[in-house]
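To keep things clear, I will list the structure first and then write my remarks on it.
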Amino acid sequence: MSDVDGTLCRIVDRPDQARVPARARESLETLADHLALVACITGRPSPVARKMVGAEKITYFGNHGLSFIKPGMDRPTVVIEGEEAERARNFIRDNDNPFWITAKIRVEDKGPIQALHWRGAGHRTEEVVRGIADHAQAAGLATHWGRKVLELRPPGMEGKAGAVDELLDGTGIETVVFAGDDRTDHDAAQRLRKLADEGSLKNLMIVAIDSDEGPPELIEMADLVVAEPEEWIDLIEDLAGRVSGASAGVPQPE
Ligand SMILES: [Mg+2]
C-alpha cells in the first residue's frame with residue numbers, strides 16, 4: 001500500500017504537474033501479478049490517481065477513503081453519498097471569493113472533499129486559511145491539514161484508516177508494507193499497527209518518506225525512513241524483482 005504525492009512522486013508547486021516515474025508503474029504492475037493486493041491510497045480522486053500512476057492492475061483508494069477503483073472498473077465506487085457528500089462543495093460555493101485568488105489560495109474540487117492549496121504563498125495566507133478552517137468547522141465540516149493544504153471533509157470520515165480497513169476486509173492478508181509521507185498516512189499507519197498488535201496482521205512494515213513538512217509522529221513510528229520518493233521506488237523495484245524472480249523458480253539470495 002502506497003500513498004502517491006510525496007511518496008511515489010515529489011511534491012510540486014502545482015498538483016497537476018506531479019509525475020510518477022515509469023519504473024514505479026512497471027514495478028507496481030509486476031507486484032500486482034504476484035501479490036494478493038497492491039493499492040495506492042491517496043487524497044486525489046481515484047480515477048485521477050490511476051491516470052497519474054498509470055498502473056492498470058492495481059487498486060486505487062482515492063479521496064482519503066471516500067472512493068475506490070479496482071482493476072477493470074470504469075468508475076469509482078463511492079463509499080459516501082447524498083447530502084453529506086455535497087457538504088464541502090456547498091461550503092466552497094457559498095464562501096469562495098476573489099480575495100482567495102489574490103491570497104494565492106487554489107481550490108481543488110475532489111468531490112466530497114474540497115482542498116485549499118497555498119503552496120508558494122506567504123504566512124499571511126496561512127492565517128486566511130485558518131480563518132476559513134474555523135468557518136468550515138462551524139458549518140459542520142471536518143478539517144484536515146496536510147503539507148500546504150487544508151482539506152474540508154464531510155464529518156465522521158475515517159480517512160485513510162478507513163481505506164486500509166476496507167482494503168484488508170475479508171482478504172486474509174497477513175503481511176502489509178505501507179508507505180506514506182503525510183498526516184493522513186499516519187492515520188492509516190496507526191490503524192495498521194493496531195491490526196498488527198491485535199494479531200490480525202502477522203508482518204507489518206511502515207515506510208516513511210521524510211520531509212520538512214511531514215508529521216514527526218509518522219517518522220517516529222516508521223520501521224524504515226527514506227529521504228525521498230526515489231528511494232521508496234527503489235524498494236518497490238527490488239521487491240518486484242524478488243517476487244517475479246521467486247515465482248519463476250530463480251534462487252533468491254538471503
Ligand atoms: Mg502524500
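How things are named: the first chain in the C-alpha cells is A, the next is B, and so on; residues count from 1 in each chain; ligands count from 1 in the order shown.
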Can you tell me which residues come within 7 Å of ligand 1 when counting only C-alpha atoms and all ligand atoms, ideally as number ranges by chain?
A: 3-7, 180-182
Residue contacts of region 97-106 of chain A (10 Å, only C-alpha atoms) excluding same-chain residues fewer than 3 positions away, as a PyMOL selection string
chain A and resi 14+92-94+109+115-122+124-126+128-129+149
At most 12 Å is the cut-off: for each residue in region 62-179 of chain A with any atom that close to an atom of region 187-208 of chain A, write down the nearest atom pair and the distance in Å rounded to one decimal, counting only C-alpha atoms, chain first then increasing number, as a tab-separated table.
residue	atom	partner	partner_atom	distance
A:His64	CA	A:Ala188	CA	9.8
A:Gly65	CA	A:Ala188	CA	10.1
A:His144	CA	A:Asp187	CA	11.5
A:Met157	CA	A:Asp187	CA	11.7
A:Glu158	CA	A:Asp187	CA	8.6
A:Gly159	CA	A:Asp187	CA	7.6
A:Lys160	CA	A:Ala188	CA	5.1
A:Ala161	CA	A:Ala188	CA	4.1
A:Gly162	CA	A:Ala188	CA	7.7
A:Ala163	CA	A:Ala188	CA	7.8
A:Val164	CA	A:Ala188	CA	6.4
A:Asp165	CA	A:Arg191	CA	8.0
A:Glu166	CA	A:Ala188	CA	11.4
A:Leu167	CA	A:Leu192	CA	11.4
A:Leu168	CA	A:Leu201	CA	9.8
A:Asp169	CA	A:Ser200	CA	10.6
A:Gly170	CA	A:Ser200	CA	11.1
A:Thr171	CA	A:Ser200	CA	11.0
A:Gly172	CA	A:Ser200	CA	8.4
A:Ile173	CA	A:Leu201	CA	7.3
A:Glu174	CA	A:Leu201	CA	4.4
A:Thr175	CA	A:Asn203	CA	4.6
A:Val176	CA	A:Leu204	CA	5.0
A:Val177	CA	A:Met205	CA	4.7
A:Phe178	CA	A:Ile206	CA	5.0
A:Ala179	CA	A:Val207	CA	4.5
Just the strand (DSSP E) stuff from region 19-253 of chain A, please, per backbone DSSP, written as a PyMOL selection string.
chain A and resi 39-41+59-62+67-69+77-78+106-110+113-117+142-146+149-153+175-180+203-209+224-226
Give me a file of those residues, with N, CA and C atoms, as a compact mmCIF listing (two decimals), in the first residue's frame.
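Below you can see again35.txt, which holds the result:
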# COMPACT_ATOMS: atom_id res chain seq x y z
N ALA A 39 -2.11 -1.55 -3.75
CA ALA A 39 -3.03 -0.42 -3.75
C ALA A 39 -2.31 0.90 -3.51
N CYS A 40 -2.82 1.92 -4.20
CA CYS A 40 -2.41 3.28 -3.88
C CYS A 40 -3.54 3.91 -3.07
N ILE A 41 -3.19 4.53 -1.97
CA ILE A 41 -4.18 5.20 -1.12
C ILE A 41 -3.82 6.67 -1.10
N THR A 59 -5.30 -1.46 -7.32
CA THR A 59 -6.47 -0.76 -6.77
C THR A 59 -6.08 0.66 -6.35
N TYR A 60 -6.97 1.60 -6.57
CA TYR A 60 -6.74 2.97 -6.13
C TYR A 60 -7.83 3.37 -5.15
N PHE A 61 -7.43 3.68 -3.94
CA PHE A 61 -8.38 4.19 -2.96
C PHE A 61 -8.17 5.69 -2.90
N GLY A 62 -9.14 6.43 -3.38
CA GLY A 62 -8.97 7.87 -3.52
C GLY A 62 -9.74 8.68 -2.50
N SER A 67 -13.61 6.88 -1.97
CA SER A 67 -13.97 6.12 -3.17
C SER A 67 -12.80 5.26 -3.61
N PHE A 68 -13.12 4.15 -4.27
CA PHE A 68 -12.05 3.31 -4.76
C PHE A 68 -12.36 2.83 -6.16
N ILE A 69 -11.30 2.48 -6.88
CA ILE A 69 -11.48 1.95 -8.23
C ILE A 69 -10.55 0.75 -8.35
N THR A 77 -16.19 3.38 -7.05
CA THR A 77 -17.26 3.11 -6.10
C THR A 77 -17.13 4.14 -4.98
N VAL A 78 -18.20 4.88 -4.75
CA VAL A 78 -18.16 5.93 -3.73
C VAL A 78 -18.70 5.37 -2.41
N ARG A 106 -5.64 28.15 -3.90
CA ARG A 106 -6.25 27.44 -5.02
C ARG A 106 -7.17 26.34 -4.48
N VAL A 107 -8.38 26.32 -5.01
CA VAL A 107 -9.33 25.30 -4.56
C VAL A 107 -9.28 24.12 -5.53
N GLU A 108 -9.12 22.94 -4.97
CA GLU A 108 -9.18 21.73 -5.79
C GLU A 108 -10.45 20.97 -5.43
N ASP A 109 -11.27 20.77 -6.45
CA ASP A 109 -12.55 20.08 -6.26
C ASP A 109 -12.32 18.57 -6.32
N LYS A 110 -12.39 17.92 -5.16
CA LYS A 110 -12.20 16.47 -5.13
C LYS A 110 -13.51 15.78 -4.76
N ILE A 113 -14.61 15.93 -0.92
CA ILE A 113 -13.57 16.68 -0.23
C ILE A 113 -13.16 17.87 -1.09
N GLN A 114 -13.01 19.01 -0.47
CA GLN A 114 -12.52 20.20 -1.16
C GLN A 114 -11.18 20.58 -0.53
N ALA A 115 -10.17 20.76 -1.38
CA ALA A 115 -8.83 21.04 -0.87
C ALA A 115 -8.43 22.47 -1.21
N LEU A 116 -7.91 23.16 -0.22
CA LEU A 116 -7.38 24.52 -0.42
C LEU A 116 -5.86 24.45 -0.36
N HIS A 117 -5.23 24.80 -1.47
CA HIS A 117 -3.77 24.74 -1.56
C HIS A 117 -3.20 26.15 -1.47
N ALA A 142 -15.43 18.68 8.71
CA ALA A 142 -14.17 18.30 9.35
C ALA A 142 -13.03 18.94 8.57
N THR A 143 -12.00 19.39 9.29
CA THR A 143 -10.84 19.99 8.61
C THR A 143 -9.63 19.09 8.82
N HIS A 144 -8.82 19.03 7.79
CA HIS A 144 -7.64 18.18 7.86
C HIS A 144 -6.47 18.91 7.22
N TRP A 145 -5.39 19.06 7.98
CA TRP A 145 -4.24 19.81 7.49
C TRP A 145 -3.18 18.87 6.94
N GLY A 146 -2.69 19.20 5.74
CA GLY A 146 -1.59 18.43 5.16
C GLY A 146 -0.45 19.35 4.82
N VAL A 149 -1.73 22.30 2.52
CA VAL A 149 -3.09 22.06 2.03
C VAL A 149 -4.03 21.88 3.22
N LEU A 150 -5.21 22.51 3.08
CA LEU A 150 -6.28 22.28 4.05
C LEU A 150 -7.39 21.55 3.33
N GLU A 151 -7.84 20.46 3.90
CA GLU A 151 -8.96 19.77 3.29
C GLU A 151 -10.21 19.93 4.14
N LEU A 152 -11.30 20.20 3.44
CA LEU A 152 -12.60 20.26 4.09
C LEU A 152 -13.32 18.96 3.73
N ARG A 153 -13.72 18.23 4.75
CA ARG A 153 -14.28 16.90 4.53
C ARG A 153 -15.63 16.75 5.21
N THR A 175 0.37 -9.91 5.74
CA THR A 175 1.62 -9.14 5.63
C THR A 175 1.38 -7.88 4.82
N VAL A 176 1.72 -6.75 5.39
CA VAL A 176 1.49 -5.47 4.71
C VAL A 176 2.75 -4.61 4.77
N VAL A 177 3.07 -4.01 3.62
CA VAL A 177 4.05 -2.94 3.58
C VAL A 177 3.29 -1.68 3.21
N PHE A 178 3.46 -0.66 4.00
CA PHE A 178 2.73 0.60 3.78
C PHE A 178 3.73 1.76 3.74
N ALA A 179 3.53 2.66 2.78
CA ALA A 179 4.43 3.83 2.70
C ALA A 179 3.64 5.12 2.55
N GLY A 180 4.11 6.16 3.23
CA GLY A 180 3.46 7.46 3.12
C GLY A 180 4.35 8.57 3.66
N ASN A 203 2.82 -9.58 9.85
CA ASN A 203 4.01 -8.79 9.49
C ASN A 203 3.58 -7.44 8.98
N LEU A 204 4.17 -6.41 9.53
CA LEU A 204 3.85 -5.07 9.08
C LEU A 204 5.13 -4.24 8.98
N MET A 205 5.25 -3.56 7.86
CA MET A 205 6.39 -2.66 7.70
C MET A 205 5.86 -1.29 7.28
N ILE A 206 6.14 -0.31 8.11
CA ILE A 206 5.75 1.07 7.80
C ILE A 206 6.97 1.81 7.26
N VAL A 207 6.82 2.35 6.07
CA VAL A 207 7.91 3.13 5.47
C VAL A 207 7.48 4.60 5.44
N ALA A 208 8.31 5.46 5.96
CA ALA A 208 8.01 6.89 5.94
C ALA A 208 8.97 7.61 5.01
N ILE A 209 8.43 8.50 4.19
CA ILE A 209 9.26 9.34 3.35
C ILE A 209 9.43 10.66 4.11
N LEU A 224 11.07 2.03 8.72
CA LEU A 224 12.12 2.46 7.81
C LEU A 224 11.81 3.89 7.35
N VAL A 225 12.79 4.74 7.40
CA VAL A 225 12.62 6.12 6.93
C VAL A 225 13.52 6.32 5.72
N VAL A 226 12.95 6.79 4.63
CA VAL A 226 13.76 7.10 3.45
C VAL A 226 13.68 8.60 3.19
Between CA of Pro112 (chain A) and CA of Asp16 (chain A) - distance in Å to one decimal
19.0 Å
Report as JSON, numbers by chain: the residues of region 70-153 of chain A with a DSSP assignment of helix (DSSP H, G or I), based on the backbone of this structure.
{"A": [83, 84, 85, 86, 87, 88, 89, 90, 91, 92, 93, 94, 95, 98, 99, 100, 101, 102, 123, 124, 125, 126, 127, 128, 129, 130, 131, 132, 133, 134, 135, 136, 137, 138]}
Selection: 10 Å around Ala139 (chain A), only C-alpha atoms, excl. self and same-chain fewer than 4 positions, as a ChimeraX atom specification:
/A:87-88,91,133-135
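Minimum atom-to-atom distance to Val12 (chain A), evaluated using only C-alpha atoms, belongs to A:Arg147 out of A:Val243, A:Arg147, A:Trp232, A:Glu83.
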What gap, in Å, lies between CA of Leu66 (chain A) and CA of Thr184 (chain A)?
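Computing it gives 13.1 Å between the two atoms.
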Point-to-point distance in Å for CA of His186 (chain A) and CA of Pro154 (chain A)
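Separation of CA of Pro154 (chain A) and CA of His186 (chain A): 19.5 Å.
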Selection near Ile233 (chain A), 8 Å with only C-alpha atoms, sequence-local residues under 4 positions removed, as JSON, numbers by chain
{"A": [8, 23, 24, 229, 237]}
I need the residue nearest Ala32 (chain A) from this list: A:Arg75, A:Lys51, A:Arg130, A:Lys70. Use only C-alpha atoms for the distance.
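When distances to Ala32 (chain A) are compared using only C-alpha atoms, the smallest one comes from A:Lys70.
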